[in-house]
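The next block holds one structure in the form of structure tokens; read it before the comments.
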Amino acid sequence: MFIQMISAVILSFLLSFFAIPALIKIAHEKGVFDIPAKRKLHFAPIPSFGGIVFFASVILSICMFVPFGSDQEMQYYVAAAVLIFFIGLKDDIIAISAWKKLVGQLFAAFILVYMGGFQINSLYGFLGIQQLDPIMTTLFSFLTILVIINAFNLIDGVNGLAGGLSIIALLFFGTLFYKNGNYGYSILAFSTAASVIAFLFYNVTPAKIFMGDTGSLFIGLTNSVLIIKFINTDFSSVSDLRISENAALGFAAIFVPLVDTLRVFAIRLTNGKSPFDPDTNHIHHLLLSKGLTHNKVTLLLTSKAVISLLIAYFLQPFGINVILLSLVSFAGLFLIYARAIHVPLIIDSISKKDKVGSVKTSQQSNKEEPSLGGTVIFKN
């Protein structure tokens, strides 16, 4: 399977790398852009269909190199991915409401949970809870998928951030699945990572293209499937992996977007607002307001993600509760640091070139929210 995996990675990377310039050209010829607006910090119209290449390259790689006979549930991932792709694509072209997006995501979750068997039936000792009854298993599985999908959608507010955070998780899952012999899921993780890496060549500041909801929802769905599969996989046969706290490690891999989403939702609910109302309370907004450039924000938050994963890995002997308490404490300290720092004048002196295509507080950060979003069509 090593040859198949390498072939899938190469195919996914090359298809994405060479398809994106074509997408950019088509967007400019047809006048389809994300337009600068009041809550957006980029200054020029930027195409936002980068997620199309994620879907095309990953699904093609899976269909070519993953034998569905050995990973039968993979076909249900493909079905859910097709649904999520069209939801994101429509929202990138014509804005749809939060509830319509949520209904579509619920259908995708239904496919995964009921037909694909992607379920979490235990909390593995978190707060002393072990096995869940069937009703709680279903509810918690649905909730996990929905939260992870939207966590990547909401964190997509700075160039390279959602992509960088997803790459960390994808490489982690891909490596462990490969060493454990779960080759189908290894191919899924690595081919997605390869596509996102290719995309980042065009997304770093100044960005030529955004991933849009098409991309952020897709990588969120993919990570939700990988996490649930990871939690339910026995890695004890590979002694050098030293994986004993699957659930803690799985959520640690996406801890940055996950904890930021839960924190922002809590703030909105505390203020009597809908959790889907857009605002500027995300961690990347805070760091930008302190004067950091967009590239520095991305570097800082991806570094936080790596440290979170290392904390979880090395604290496994102490159990899931100690791991999660340590991760929450680290997140709290990071938030204090983010509120305390200040880099004077940088935010005011960023060149227009650096700002072009840098932050989307609507459509990536504004469209951060499942409630709003939708690429504005710019007609010449």
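By convention in this document, the chains of the structure tokens carry letters A, B, ... by their order, each chain's residues are numbered from 1, and ligands are numbered from 1 in the order they are shown.
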Residues near segment 69-75 of chain A, cut-off 8 Å, only C-alpha atoms, skip fewer than 5 positions along chain, as a list in words | Met115, Gly116, Gly117 and Gly184 of chain A
Non-local contacts of Thr144 of chain A (12 Å; only C-alpha atoms; under 3 positions in same chain excluded) as number ranges by chain = A: 105-106, 109, 112-113, 118-121, 123, 136-141, 147-151, 220-221, 223-228, 231, 247, 250-251, 254, 258
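Across A:Asn281, A:Gly157, A:Ile20, A:Gly125, the tightest approach to Ala266 of chain A is made by A:Asn281 when counting only C-alpha atoms.
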Would you give me, as a ChimeraX atom specification, the residues in segment 71-128 of chain A that DSSP reads as alpha helix (DSSP H)?
-> /A:74-93,98-110
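Ranking A:Phe276, A:Val306, A:Leu335, A:Leu241 by their shortest atom-to-atom distance to Leu171 of chain A, with only C-alpha atoms included, puts A:Val306 first.
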To one decimal in Å, tell me the separation between atom CA of Lys229 of chain A and atom CA of Met5 of chain A.
-> 18.3 Å
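When only C-alpha atoms are used to measure the gap to Ser289 of chain A, the shortest distance among A:Pro257, A:Leu301, A:Arg339, A:Gln130 belongs to A:Arg339.
Distance-wise, atom CA of Ile3 of chain A and atom CA of Phe68 of chain A end up 17.1 Å apart.
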Calculate how many Å separate atom CA of Phe330 of chain A from atom CA of Ala194 of chain A, rounding to one decimal.
-> 29.5 Å
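Across A:Leu315, A:Val238, A:Ile129, A:Val158, the tightest approach to His284 of chain A is made by A:Val158 when counting only C-alpha atoms.
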Pick out the residues sitting within 9 Å of Asp260 of chain A, and hand them over as a VMD selection string; count only C-alpha atoms, and ignore anything fewer than 2 positions along from it in its own chain.
-> chain A and resid 151 154 to 155 255 to 258 262 to 265 282 to 283
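Remark: for Thr302 of chain A, the closest of the candidate residues A:Phe177, A:Ser16, A:Ser61, A:Ala169 is A:Ala169 (distances computed over only C-alpha atoms).
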Which parts of segment 35-238 of chain A does DSSP call strand (DSSP E or B) when run on the backbone here, written out as a PyMOL selection string?
-> chain A and resi 46+122-126+129-131+158
Contacts of Ile307 of chain A at 10 Å or less, counting only C-alpha atoms, minus same-chain residues fewer than 3 places along, as a PDB file with C-alpha atoms, in the first residue's frame?
ATOM      1  CA  ALA A 252      -5.868  17.552  20.831  1.00  0.00           C
ATOM      2  CA  ALA A 253      -5.011  17.359  17.119  1.00  0.00           C
ATOM      3  CA  LEU A 301      -1.520  29.617  16.212  1.00  0.00           C
ATOM      4  CA  THR A 302      -0.068  26.679  14.279  1.00  0.00           C
ATOM      5  CA  SER A 303       2.769  26.568  16.821  1.00  0.00           C
ATOM      6  CA  LYS A 304       0.134  26.489  19.560  1.00  0.00           C
ATOM      7  CA  LEU A 310       2.755  17.317  22.195  1.00  0.00           C
ATOM      8  CA  ILE A 311       1.222  18.055  25.611  1.00  0.00           C
ATOM      9  CA  ALA A 312      -1.470  15.462  24.996  1.00  0.00           C
ATOM     10  CA  TYR A 313       0.972  12.861  23.724  1.00  0.00           C
ATOM     11  CA  LEU A 327      -4.821  21.643  27.365  1.00  0.00           C
ATOM     12  CA  PHE A 330      -2.511  26.040  28.183  1.00  0.00           C
TER      13      PHE A 330
END
Counting only C-alpha atoms, which of A:Gly88, A:Gly181, A:Gly212, A:Gly160 gets nearest to Met1 of chain A?
-> A:Gly181
